[in-house]
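Text of the file start09.cif, holding mmCIF, C-alpha atoms and all ligand atoms:
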data_structure
#
loop_
_atom_site.group_PDB
_atom_site.id
_atom_site.type_symbol
_atom_site.label_atom_id
_atom_site.label_comp_id
_atom_site.auth_asym_id
_atom_site.auth_seq_id
_atom_site.Cartn_x
_atom_site.Cartn_y
_atom_site.Cartn_z
ATOM 1 C CA MET A 102 -3.891 -26.836 -1.268
ATOM 2 C CA LEU A 103 -1.448 -24.034 -1.968
ATOM 3 C CA ASN A 104 -2.678 -21.489 -4.405
ATOM 4 C CA PHE A 105 0.218 -19.780 -6.186
ATOM 5 C CA ASP A 106 -2.087 -17.246 -7.816
ATOM 6 C CA ASN A 107 -2.034 -15.687 -4.370
ATOM 7 C CA ILE A 108 1.244 -13.917 -3.705
ATOM 8 C CA LEU A 109 0.144 -13.350 -0.142
ATOM 9 C CA GLU A 110 -2.335 -15.016 2.129
ATOM 10 C CA VAL A 111 -3.065 -14.254 5.777
ATOM 11 C CA LYS A 112 -5.438 -16.436 7.748
ATOM 12 C CA ASN A 113 -7.210 -15.582 10.965
ATOM 13 C CA LEU A 114 -5.282 -12.395 11.592
ATOM 14 C CA ASN A 115 -5.903 -10.902 15.032
ATOM 15 C CA LYS A 116 -4.308 -7.736 16.291
ATOM 16 C CA CYS A 117 -4.625 -5.985 19.656
ATOM 17 C CA PHE A 118 -3.189 -2.785 21.046
ATOM 18 C CA ASP A 119 -3.278 -3.650 24.770
ATOM 19 C CA ASP A 120 -6.990 -4.236 25.491
ATOM 20 C CA LEU A 121 -8.167 -2.848 22.185
ATOM 21 C CA LYS A 122 -8.922 -5.486 19.576
ATOM 22 C CA VAL A 123 -8.245 -3.765 16.273
ATOM 23 C CA LEU A 124 -8.393 -6.636 13.744
ATOM 24 C CA LYS A 125 -10.629 -9.642 14.323
ATOM 25 C CA ASN A 126 -10.290 -12.966 12.505
ATOM 26 C CA VAL A 127 -9.317 -11.315 9.251
ATOM 27 C CA ASP A 128 -8.617 -13.511 6.213
ATOM 28 C CA PHE A 129 -6.748 -11.633 3.523
ATOM 29 C CA LYS A 130 -5.634 -12.828 0.091
ATOM 30 C CA LEU A 131 -3.756 -10.893 -2.530
ATOM 31 C CA ARG A 132 -3.616 -12.173 -6.071
ATOM 32 C CA ARG A 133 -0.456 -11.655 -8.093
ATOM 33 C CA GLY A 134 -0.705 -8.714 -10.501
ATOM 34 C CA GLU A 135 -3.941 -7.449 -8.999
ATOM 35 C CA VAL A 136 -4.985 -4.380 -7.054
ATOM 36 C CA THR A 137 -6.850 -4.884 -3.781
ATOM 37 C CA SER A 138 -8.281 -1.818 -2.064
ATOM 38 C CA ILE A 139 -9.307 -1.553 1.560
ATOM 39 C CA ILE A 140 -12.097 0.891 2.364
ATOM 40 C CA GLY A 141 -13.872 1.678 5.608
ATOM 41 C CA PRO A 142 -14.503 4.353 8.219
ATOM 42 C CA SER A 143 -11.723 6.075 10.105
ATOM 43 C CA GLY A 144 -10.458 3.856 12.924
ATOM 44 C CA SER A 145 -11.714 0.633 11.316
ATOM 45 C CA GLY A 146 -8.190 -0.836 11.169
ATOM 46 C CA LYS A 147 -7.114 -0.163 7.567
ATOM 47 C CA SER A 148 -3.661 1.240 8.415
ATOM 48 C CA THR A 149 -3.067 -1.457 10.998
ATOM 49 C CA LEU A 150 -3.912 -4.161 8.469
ATOM 50 C CA ILE A 151 -1.601 -2.755 5.831
ATOM 51 C CA ARG A 152 1.181 -2.449 8.450
ATOM 52 C CA CYS A 153 0.664 -6.074 9.478
ATOM 53 C CA LEU A 154 1.153 -7.165 5.866
ATOM 54 C CA ASN A 155 4.817 -6.164 5.976
ATOM 55 C CA PHE A 156 5.284 -6.876 9.686
ATOM 56 C CA LEU A 157 5.545 -3.266 10.795
ATOM 57 C CA GLU A 158 3.120 -4.543 13.462
ATOM 58 C CA GLU A 159 3.204 -7.831 15.297
ATOM 59 C CA PHE A 160 0.020 -9.878 15.087
ATOM 60 C CA GLU A 161 -1.439 -13.337 15.534
ATOM 61 C CA GLY A 162 -2.237 -15.403 12.479
ATOM 62 C CA GLU A 163 -0.887 -17.576 9.724
ATOM 63 C CA TYR A 164 0.989 -15.813 6.954
ATOM 64 C CA LEU A 165 1.953 -17.306 3.582
ATOM 65 C CA PHE A 166 4.040 -15.467 1.003
ATOM 66 C CA ASN A 167 4.413 -17.160 -2.377
ATOM 67 C CA GLY A 168 3.041 -20.253 -0.674
ATOM 68 C CA LYS A 169 5.776 -20.202 1.980
ATOM 69 C CA MET A 170 4.982 -19.872 5.656
ATOM 70 C CA ILE A 171 6.414 -16.773 7.327
ATOM 71 C CA ASP A 172 7.201 -17.629 10.928
ATOM 72 C CA LYS A 173 9.611 -16.930 13.767
ATOM 73 C CA ASP A 174 12.533 -18.289 11.738
ATOM 74 C CA THR A 175 11.990 -15.773 8.931
ATOM 75 C CA ASP A 176 14.446 -12.881 8.705
ATOM 76 C CA LEU A 177 11.860 -10.091 8.805
ATOM 77 C CA ASN A 178 14.253 -7.333 7.733
ATOM 78 C CA LYS A 179 14.950 -9.281 4.588
ATOM 79 C CA PHE A 180 11.303 -10.281 4.151
ATOM 80 C CA ARG A 181 10.183 -6.629 4.300
ATOM 81 C CA LEU A 182 12.173 -5.927 1.126
ATOM 82 C CA ASN A 183 9.358 -7.686 -0.738
ATOM 83 C CA PHE A 184 7.251 -4.593 -0.003
ATOM 84 C CA GLY A 185 7.357 -0.991 -1.066
ATOM 85 C CA MET A 186 5.320 1.268 1.162
ATOM 86 C CA VAL A 187 3.897 4.691 0.412
ATOM 87 C CA PHE A 188 2.517 6.721 3.309
ATOM 88 C CA GLN A 189 0.059 9.580 3.587
ATOM 89 C CA HIS A 190 2.804 11.954 4.790
ATOM 90 C CA PHE A 191 5.471 10.822 2.274
ATOM 91 C CA ASN A 192 8.149 10.101 4.933
ATOM 92 C CA LEU A 193 11.020 11.184 2.701
ATOM 93 C CA PHE A 194 14.392 11.678 4.399
ATOM 94 C CA PRO A 195 14.524 15.486 4.796
ATOM 95 C CA HIS A 196 18.342 15.671 4.872
ATOM 96 C CA LEU A 197 18.768 13.752 1.596
ATOM 97 C CA ASN A 198 18.078 15.085 -1.890
ATOM 98 C CA VAL A 199 15.697 13.310 -4.257
ATOM 99 C CA LEU A 200 18.331 11.061 -5.819
ATOM 100 C CA GLU A 201 19.829 10.137 -2.438
ATOM 101 C CA ASN A 202 16.341 9.344 -1.100
ATOM 102 C CA ILE A 203 15.826 6.885 -3.940
ATOM 103 C CA ILE A 204 19.160 5.085 -3.702
ATOM 104 C CA GLU A 205 19.333 4.937 0.115
ATOM 105 C CA ALA A 206 17.718 1.498 0.575
ATOM 106 C CA PRO A 207 19.107 -0.193 -2.582
ATOM 107 C CA VAL A 208 22.683 0.878 -1.679
ATOM 108 C CA HIS A 209 22.682 0.726 2.114
ATOM 109 C CA VAL A 210 20.148 -2.028 2.844
ATOM 110 C CA GLN A 211 20.440 -4.213 -0.246
ATOM 111 C CA GLY A 212 24.155 -3.525 -0.719
ATOM 112 C CA ARG A 213 23.830 -2.992 -4.456
ATOM 113 C CA ASN A 214 26.296 -1.193 -6.680
ATOM 114 C CA ARG A 215 25.896 2.567 -6.297
ATOM 115 C CA SER A 216 26.257 3.597 -9.941
ATOM 116 C CA ASP A 217 23.763 0.911 -11.051
ATOM 117 C CA CYS A 218 21.344 2.247 -8.433
ATOM 118 C CA VAL A 219 21.844 5.834 -9.627
ATOM 119 C CA ASN A 220 21.058 4.791 -13.208
ATOM 120 C CA GLU A 221 17.949 2.900 -12.110
ATOM 121 C CA ALA A 222 16.873 5.826 -9.891
ATOM 122 C CA LYS A 223 16.990 8.145 -12.899
ATOM 123 C CA ILE A 224 14.767 5.775 -14.882
ATOM 124 C CA LEU A 225 12.294 5.613 -11.972
ATOM 125 C CA LEU A 226 12.289 9.392 -11.532
ATOM 126 C CA ASP A 227 11.654 9.824 -15.230
ATOM 127 C CA LYS A 228 8.662 7.460 -14.954
ATOM 128 C CA VAL A 229 7.085 9.589 -12.226
ATOM 129 C CA GLY A 230 7.981 12.859 -14.006
ATOM 130 C CA MET A 231 10.527 13.972 -11.417
ATOM 131 C CA LEU A 232 13.867 13.594 -13.201
ATOM 132 C CA ASP A 233 14.388 17.356 -13.325
ATOM 133 C CA LYS A 234 14.230 17.504 -9.484
ATOM 134 C CA LEU A 235 17.059 15.024 -8.958
ATOM 135 C CA ASN A 236 19.092 17.405 -6.792
ATOM 136 C CA SER A 237 16.200 19.046 -4.929
ATOM 137 C CA TYR A 238 15.519 18.480 -1.253
ATOM 138 C CA PRO A 239 12.057 17.380 -0.042
ATOM 139 C CA SER A 240 11.416 20.834 1.485
ATOM 140 C CA GLU A 241 11.701 22.312 -2.023
ATOM 141 C CA LEU A 242 8.940 20.087 -3.462
ATOM 142 C CA SER A 243 5.130 20.320 -3.522
ATOM 143 C CA GLY A 244 3.085 17.580 -1.842
ATOM 144 C CA GLY A 245 2.299 15.905 -5.159
ATOM 145 C CA GLN A 246 5.968 15.978 -6.135
ATOM 146 C CA LYS A 247 7.023 14.539 -2.769
ATOM 147 C CA GLN A 248 4.548 11.711 -3.157
ATOM 148 C CA ARG A 249 5.761 10.934 -6.679
ATOM 149 C CA VAL A 250 9.329 10.752 -5.331
ATOM 150 C CA ALA A 251 8.083 8.526 -2.485
ATOM 151 C CA ILE A 252 6.521 6.165 -5.043
ATOM 152 C CA ALA A 253 9.768 6.059 -7.041
ATOM 153 C CA ARG A 254 11.640 5.348 -3.809
ATOM 154 C CA SER A 255 9.300 2.497 -2.916
ATOM 155 C CA LEU A 256 9.963 0.954 -6.344
ATOM 156 C CA ALA A 257 13.759 1.238 -6.075
ATOM 157 C CA ILE A 258 14.102 -1.911 -3.978
ATOM 158 C CA LYS A 259 12.216 -3.837 -6.713
ATOM 159 C CA PRO A 260 9.431 -4.927 -4.370
ATOM 160 C CA LYS A 261 6.943 -7.659 -5.233
ATOM 161 C CA VAL A 262 4.032 -5.795 -3.608
ATOM 162 C CA LEU A 263 3.322 -2.087 -3.193
ATOM 163 C CA LEU A 264 1.348 -0.896 -0.166
ATOM 164 C CA PHE A 265 -0.317 2.523 -0.270
ATOM 165 C CA ASP A 266 -1.826 4.017 2.874
ATOM 166 C CA GLU A 267 -3.974 6.987 1.838
ATOM 167 C CA PRO A 268 -1.415 8.249 -0.681
ATOM 168 C CA THR A 269 -3.463 11.323 -1.627
ATOM 169 C CA SER A 270 -5.086 12.305 1.690
ATOM 170 C CA ALA A 271 -2.493 14.939 2.566
ATOM 171 C CA LEU A 272 -2.504 16.543 -0.880
ATOM 172 C CA ASP A 273 -4.178 19.685 -2.133
ATOM 173 C CA PRO A 274 -6.968 18.696 -4.557
ATOM 174 C CA GLU A 275 -5.098 19.824 -7.665
ATOM 175 C CA MET A 276 -2.203 17.492 -6.819
ATOM 176 C CA VAL A 277 -4.261 14.363 -6.272
ATOM 177 C CA GLU A 278 -4.558 13.601 -9.968
ATOM 178 C CA GLU A 279 -0.795 13.611 -10.651
ATOM 179 C CA VAL A 280 -0.301 10.937 -7.981
ATOM 180 C CA LEU A 281 -3.272 8.845 -9.132
ATOM 181 C CA HIS A 282 -1.853 9.001 -12.662
ATOM 182 C CA VAL A 283 1.391 7.383 -11.439
ATOM 183 C CA ILE A 284 -0.565 4.632 -9.649
ATOM 184 C CA ARG A 285 -2.638 4.003 -12.817
ATOM 185 C CA ASN A 286 0.606 3.530 -14.771
ATOM 186 C CA LEU A 287 1.761 0.952 -12.208
ATOM 187 C CA LYS A 288 -1.518 -0.913 -12.615
ATOM 188 C CA ASP A 289 -0.941 -0.974 -16.390
ATOM 189 C CA LYS A 290 2.369 -2.778 -15.664
ATOM 190 C CA ASN A 291 0.491 -5.393 -13.567
ATOM 191 C CA THR A 292 2.077 -4.259 -10.306
ATOM 192 C CA THR A 293 0.584 -6.067 -7.313
ATOM 193 C CA MET A 294 -0.800 -3.379 -4.996
ATOM 194 C CA VAL A 295 -2.801 -2.915 -1.818
ATOM 195 C CA ILE A 296 -4.387 0.526 -1.599
ATOM 196 C CA VAL A 297 -6.125 2.247 1.286
ATOM 197 C CA SER A 298 -7.877 5.303 -0.090
ATOM 198 C CA HIS A 299 -10.875 7.554 0.385
ATOM 199 C CA GLU A 300 -10.880 8.512 -3.308
ATOM 200 C CA MET A 301 -13.859 6.286 -4.028
ATOM 201 C CA SER A 302 -14.106 6.880 -7.763
ATOM 202 C CA PHE A 303 -10.394 6.024 -8.053
ATOM 203 C CA VAL A 304 -10.882 2.895 -5.903
ATOM 204 C CA HIS A 305 -13.794 1.920 -8.157
ATOM 205 C CA GLU A 306 -11.727 2.412 -11.298
ATOM 206 C CA ILE A 307 -8.407 0.841 -10.275
ATOM 207 C CA SER A 308 -9.319 -2.114 -8.039
ATOM 208 C CA ASP A 309 -9.712 -5.749 -9.005
ATOM 209 C CA HIS A 310 -10.933 -6.536 -5.532
ATOM 210 C CA ILE A 311 -12.267 -4.360 -2.702
ATOM 211 C CA ILE A 312 -12.589 -5.093 1.000
ATOM 212 C CA PHE A 313 -14.866 -3.141 3.306
ATOM 213 C CA LEU A 314 -13.544 -3.079 6.848
ATOM 214 C CA GLU A 315 -15.491 -1.918 9.884
ATOM 215 C CA HIS A 316 -14.469 -2.203 13.558
ATOM 216 C CA GLY A 317 -11.692 -4.604 12.521
ATOM 217 C CA HIS A 318 -14.020 -7.011 10.693
ATOM 218 C CA PHE A 319 -14.201 -7.775 6.994
ATOM 219 C CA VAL A 320 -17.846 -6.896 6.486
ATOM 220 C CA GLU A 321 -17.978 -7.450 2.758
ATOM 221 C CA SER A 322 -15.637 -7.893 -0.186
ATOM 222 C CA GLY A 323 -15.870 -8.318 -3.938
ATOM 223 C CA SER A 324 -15.408 -6.740 -7.343
ATOM 224 C CA PRO A 325 -15.785 -2.963 -7.743
ATOM 225 C CA ASN A 326 -19.166 -3.470 -9.385
ATOM 226 C CA LYS A 327 -20.424 -5.633 -6.559
ATOM 227 C CA ILE A 328 -19.179 -3.291 -3.851
ATOM 228 C CA PHE A 329 -20.322 -0.049 -5.437
ATOM 229 C CA LYS A 330 -23.397 -1.140 -7.397
ATOM 230 C CA LYS A 331 -24.762 -4.043 -5.356
ATOM 231 C CA PRO A 332 -23.579 -3.691 -1.761
ATOM 232 C CA ASN A 333 -25.165 -6.417 0.360
ATOM 233 C CA SER A 334 -24.761 -5.196 3.887
ATOM 234 C CA GLN A 335 -26.502 -2.212 5.332
ATOM 235 C CA ARG A 336 -23.208 -1.057 6.873
ATOM 236 C CA LEU A 337 -21.560 -0.782 3.465
ATOM 237 C CA GLN A 338 -24.625 0.900 1.949
ATOM 238 C CA GLU A 339 -24.523 3.505 4.725
ATOM 239 C CA PHE A 340 -20.774 4.014 4.341
ATOM 240 C CA LEU A 341 -21.052 4.522 0.572
ATOM 241 C CA LYS A 342 -23.898 6.986 0.998
ATOM 242 C CA LYS A 343 -21.594 9.105 3.147
ATOM 243 C CA VAL A 344 -18.421 8.953 1.073
ATOM 244 C CA TYR A 345 -19.348 8.179 -2.514
ATOM 245 C CA ILE A 346 -21.085 10.791 -4.560
ATOM 246 C CA GLN A 347 -21.219 9.635 -8.173
HETATM 247 P P1 LIG B 401 -7.772 3.383 10.078
HETATM 248 O O1 LIG B 401 -6.494 3.384 9.310
HETATM 249 O O2 LIG B 401 -8.842 2.556 9.460
HETATM 250 O O3 LIG B 401 -8.260 4.782 10.362
HETATM 251 P P2 LIG B 401 -6.138 2.376 12.248
HETATM 252 O O4 LIG B 401 -5.621 1.073 11.772
HETATM 253 O O5 LIG B 401 -5.195 3.533 12.189
HETATM 254 O O6 LIG B 401 -7.502 2.730 11.497
HETATM 255 O O7 LIG B 401 -6.601 2.252 13.746
HETATM 256 C C1 LIG B 401 -7.489 1.240 14.177
HETATM 257 C C2 LIG B 401 -7.666 1.371 15.674
HETATM 258 O O8 LIG B 401 -6.448 1.050 16.330
HETATM 259 C C3 LIG B 401 -8.057 2.757 16.153
HETATM 260 O O9 LIG B 401 -8.946 2.609 17.228
HETATM 261 C C4 LIG B 401 -6.737 3.339 16.608
HETATM 262 O O10 LIG B 401 -6.950 4.306 17.611
HETATM 263 C C5 LIG B 401 -6.016 2.121 17.156
HETATM 264 N N1 LIG B 401 -4.550 2.216 17.024
HETATM 265 C C6 LIG B 401 -3.859 2.339 15.883
HETATM 266 N N2 LIG B 401 -2.530 2.363 16.104
HETATM 267 C C7 LIG B 401 -2.383 2.247 17.448
HETATM 268 C C8 LIG B 401 -1.248 2.180 18.333
HETATM 269 N N3 LIG B 401 0.012 2.232 17.855
HETATM 270 N N4 LIG B 401 -1.486 2.053 19.652
HETATM 271 C C9 LIG B 401 -2.735 1.966 20.131
HETATM 272 N N5 LIG B 401 -3.845 2.009 19.365
HETATM 273 C C10 LIG B 401 -3.686 2.147 18.037
HETATM 274 MG MG MG B 402 -5.383 4.942 8.494
#
Produce structure tokens that represent the structure in this file.
Ligand code: ADP
Ligand code: MG
Amino acid sequence: MLNFDNILEVKNLNKCFDDLKVLKNVDFKLRRGEVTSIIGPSGSGKSTLIRCLNFLEEFEGEYLFNGKMIDKDTDLNKFRLNFGMVFQHFNLFPHLNVLENIIEAPVHVQGRNRSDCVNEAKILLDKVGMLDKLNSYPSELSGGQKQRVAIARSLAIKPKVLLFDEPTSALDPEMVEEVLHVIRNLKDKNTTMVIVSHEMSFVHEISDHIIFLEHGHFVESGSPNKIFKKPNSQRLQEFLKKVYIQ
């Protein structure tokens, strides 16, 4: 039975880098309008999983998007436009100013009208509090500002799902909050998101569903209350003891 509450469903995902098995028989579902967070120790496969979701990595497994099978006949470049991705190190184009960074994909990849894209970019920049930096270059921005521009850029292609891979890990502590604030606003608009983060209190607050990954296995998953208040497995209990000080 197809379940259209799930925007995305991956079954039996396996991923190797040469001899190294990084993801093992992973089943992943993402419900429309919800936030799923992936937590786990360094090297457990969180980044690889998130990169598989938009086919930045090849993998084995069955993949359904909006109930439709994604297979070798799918145009992956087109399919990837369903996803906005925000990285730890921002990955802005250094030679383009803020506005040009935002309109690059809508104009050059999606072939949309430039002046429409400029108008939409201004609305997005206003939402993330960066409209006054329209003409600045990435090198002229703080880490928090770069990440807010990166989030606006990821939204410019009108993606159906946003993927965040440790969006605050490279930021000075005082800049973390300004980025989390933007992500909270997206949640209020029912944006479907997958978040990898070590900010455990933020993960607790923002997630509808949390997955604990270790050595490429889904060890345990559930609601924030289940994961943080009633963890079943010893592995998760140990992990939380190390990273989550309430
Ligand atoms: P996490 O994001 O949870 O820290 P990763 O997904 O980055 O973990 O990495 C999972 C494992 O896969 C690690 O052992 C890492 O060294 C390995 N790995 C990740 N990317 C590559 C790659 N491109 N080539 C080879 N090994 C990789
Ligand atoms: Mg990672």
Original post:
Of the candidates A:Asn214, A:Phe319, A:Ile204, A:Val262, which one gets nearest to A:Leu114 if we count only C-alpha atoms?
Top reply: A:Phe319
Proximity check chain A to ligand MG 402 (chain B), 8 Å, nearest pairs one decimal Å, only C-alpha atoms and all ligand atoms, as JSON lines:
{"residue": "A:Ser143", "atom": "CA", "partner": "B:MG402", "partner_atom": "MG", "distance": 6.6}
{"residue": "A:Gly144", "atom": "CA", "partner": "B:MG402", "partner_atom": "MG", "distance": 6.8}
{"residue": "A:Gly146", "atom": "CA", "partner": "B:MG402", "partner_atom": "MG", "distance": 7.0}
{"residue": "A:Lys147", "atom": "CA", "partner": "B:MG402", "partner_atom": "MG", "distance": 5.5}
{"residue": "A:Ser148", "atom": "CA", "partner": "B:MG402", "partner_atom": "MG", "distance": 4.1}
{"residue": "A:Thr149", "atom": "CA", "partner": "B:MG402", "partner_atom": "MG", "distance": 7.3}
{"residue": "A:Asp266", "atom": "CA", "partner": "B:MG402", "partner_atom": "MG", "distance": 6.7}
{"residue": "A:Glu267", "atom": "CA", "partner": "B:MG402", "partner_atom": "MG", "distance": 7.1}
{"residue": "A:Val297", "atom": "CA", "partner": "B:MG402", "partner_atom": "MG", "distance": 7.7}
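The gap separating atom CA of A:Lys330 from atom CA of A:Thr137 is 17.3 Å, in Å to one decimal.
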**OP:** May I have the residues within 10 Å of ligand LIG 401 (chain B), computed using all atoms listed in the file, as a PyMOL selection string?
**Re:** chain A and resi 116-124+139-153+158+266-267+297-298+314-317
Keeping only C-alpha atoms, write the selected residues to a file as a PDB file, in the frame of the given file.
ATOM      1  CA  LYS A 116      -4.308  -7.736  16.291  1.00  0.00           C
ATOM      2  CA  CYS A 117      -4.625  -5.985  19.656  1.00  0.00           C
ATOM      3  CA  PHE A 118      -3.189  -2.785  21.046  1.00  0.00           C
ATOM      4  CA  ASP A 119      -3.278  -3.650  24.770  1.00  0.00           C
ATOM      5  CA  ASP A 120      -6.990  -4.236  25.491  1.00  0.00           C
ATOM      6  CA  LEU A 121      -8.167  -2.848  22.185  1.00  0.00           C
ATOM      7  CA  LYS A 122      -8.922  -5.486  19.576  1.00  0.00           C
ATOM      8  CA  VAL A 123      -8.245  -3.765  16.273  1.00  0.00           C
ATOM      9  CA  LEU A 124      -8.393  -6.636  13.744  1.00  0.00           C
ATOM     10  CA  ILE A 139      -9.307  -1.553   1.560  1.00  0.00           C
ATOM     11  CA  ILE A 140     -12.097   0.891   2.364  1.00  0.00           C
ATOM     12  CA  GLY A 141     -13.872   1.678   5.608  1.00  0.00           C
ATOM     13  CA  PRO A 142     -14.503   4.353   8.219  1.00  0.00           C
ATOM     14  CA  SER A 143     -11.723   6.075  10.105  1.00  0.00           C
ATOM     15  CA  GLY A 144     -10.458   3.856  12.924  1.00  0.00           C
ATOM     16  CA  SER A 145     -11.714   0.633  11.316  1.00  0.00           C
ATOM     17  CA  GLY A 146      -8.190  -0.836  11.169  1.00  0.00           C
ATOM     18  CA  LYS A 147      -7.114  -0.163   7.567  1.00  0.00           C
ATOM     19  CA  SER A 148      -3.661   1.240   8.415  1.00  0.00           C
ATOM     20  CA  THR A 149      -3.067  -1.457  10.998  1.00  0.00           C
ATOM     21  CA  LEU A 150      -3.912  -4.161   8.469  1.00  0.00           C
ATOM     22  CA  ILE A 151      -1.601  -2.755   5.831  1.00  0.00           C
ATOM     23  CA  ARG A 152       1.181  -2.449   8.450  1.00  0.00           C
ATOM     24  CA  CYS A 153       0.664  -6.074   9.478  1.00  0.00           C
ATOM     25  CA  GLU A 158       3.120  -4.543  13.462  1.00  0.00           C
ATOM     26  CA  ASP A 266      -1.826   4.017   2.874  1.00  0.00           C
ATOM     27  CA  GLU A 267      -3.974   6.987   1.838  1.00  0.00           C
ATOM     28  CA  VAL A 297      -6.125   2.247   1.286  1.00  0.00           C
ATOM     29  CA  SER A 298      -7.877   5.303  -0.090  1.00  0.00           C
ATOM     30  CA  LEU A 314     -13.544  -3.079   6.848  1.00  0.00           C
ATOM     31  CA  GLU A 315     -15.491  -1.918   9.884  1.00  0.00           C
ATOM     32  CA  HIS A 316     -14.469  -2.203  13.558  1.00  0.00           C
ATOM     33  CA  GLY A 317     -11.692  -4.604  12.521  1.00  0.00           C
TER      34      GLY A 317
END
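Every protein or nucleic acid residue with an atom no more than 9 Å from A:Asn236, counting all atoms listed in the file and leaving out same-chain residues fewer than 2 positions away, appears here: Asn198, Val199, Leu200, Glu201, Asp233, Lys234 and Tyr238 of chain A.
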Expected residue set, 8 Å radius at (12.4, -3.0, -4.9), only C-alpha atoms, as an mmCIF file with C-alpha atoms, in the coordinates of the input:
data_model
loop_
_atom_site.group_PDB
_atom_site.id
_atom_site.type_symbol
_atom_site.label_atom_id
_atom_site.label_comp_id
_atom_site.auth_asym_id
_atom_site.auth_seq_id
_atom_site.Cartn_x
_atom_site.Cartn_y
_atom_site.Cartn_z
ATOM 1 C CA LEU A 182 12.173 -5.927 1.126
ATOM 2 C CA ASN A 183 9.358 -7.686 -0.738
ATOM 3 C CA PHE A 184 7.251 -4.593 -0.003
ATOM 4 C CA GLY A 185 7.357 -0.991 -1.066
ATOM 5 C CA PRO A 207 19.107 -0.193 -2.582
ATOM 6 C CA SER A 255 9.300 2.497 -2.916
ATOM 7 C CA LEU A 256 9.963 0.954 -6.344
ATOM 8 C CA ALA A 257 13.759 1.238 -6.075
ATOM 9 C CA ILE A 258 14.102 -1.911 -3.978
ATOM 10 C CA LYS A 259 12.216 -3.837 -6.713
ATOM 11 C CA PRO A 260 9.431 -4.927 -4.370
ATOM 12 C CA LYS A 261 6.943 -7.659 -5.233
#
**OP:** Given the file shown, enumerate the residues that the PyMOL selection byres (((chain A and resi 218) around 12) and not hetatm) captures and present them as an NGL selection string.
**Re:** :A and (200-209 or 211-217 or 219-226 or 254 or 256-259)
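Picture a line from atom CA of A:Phe129 to atom CA of A:Leu154; it runs 9.4 Å.
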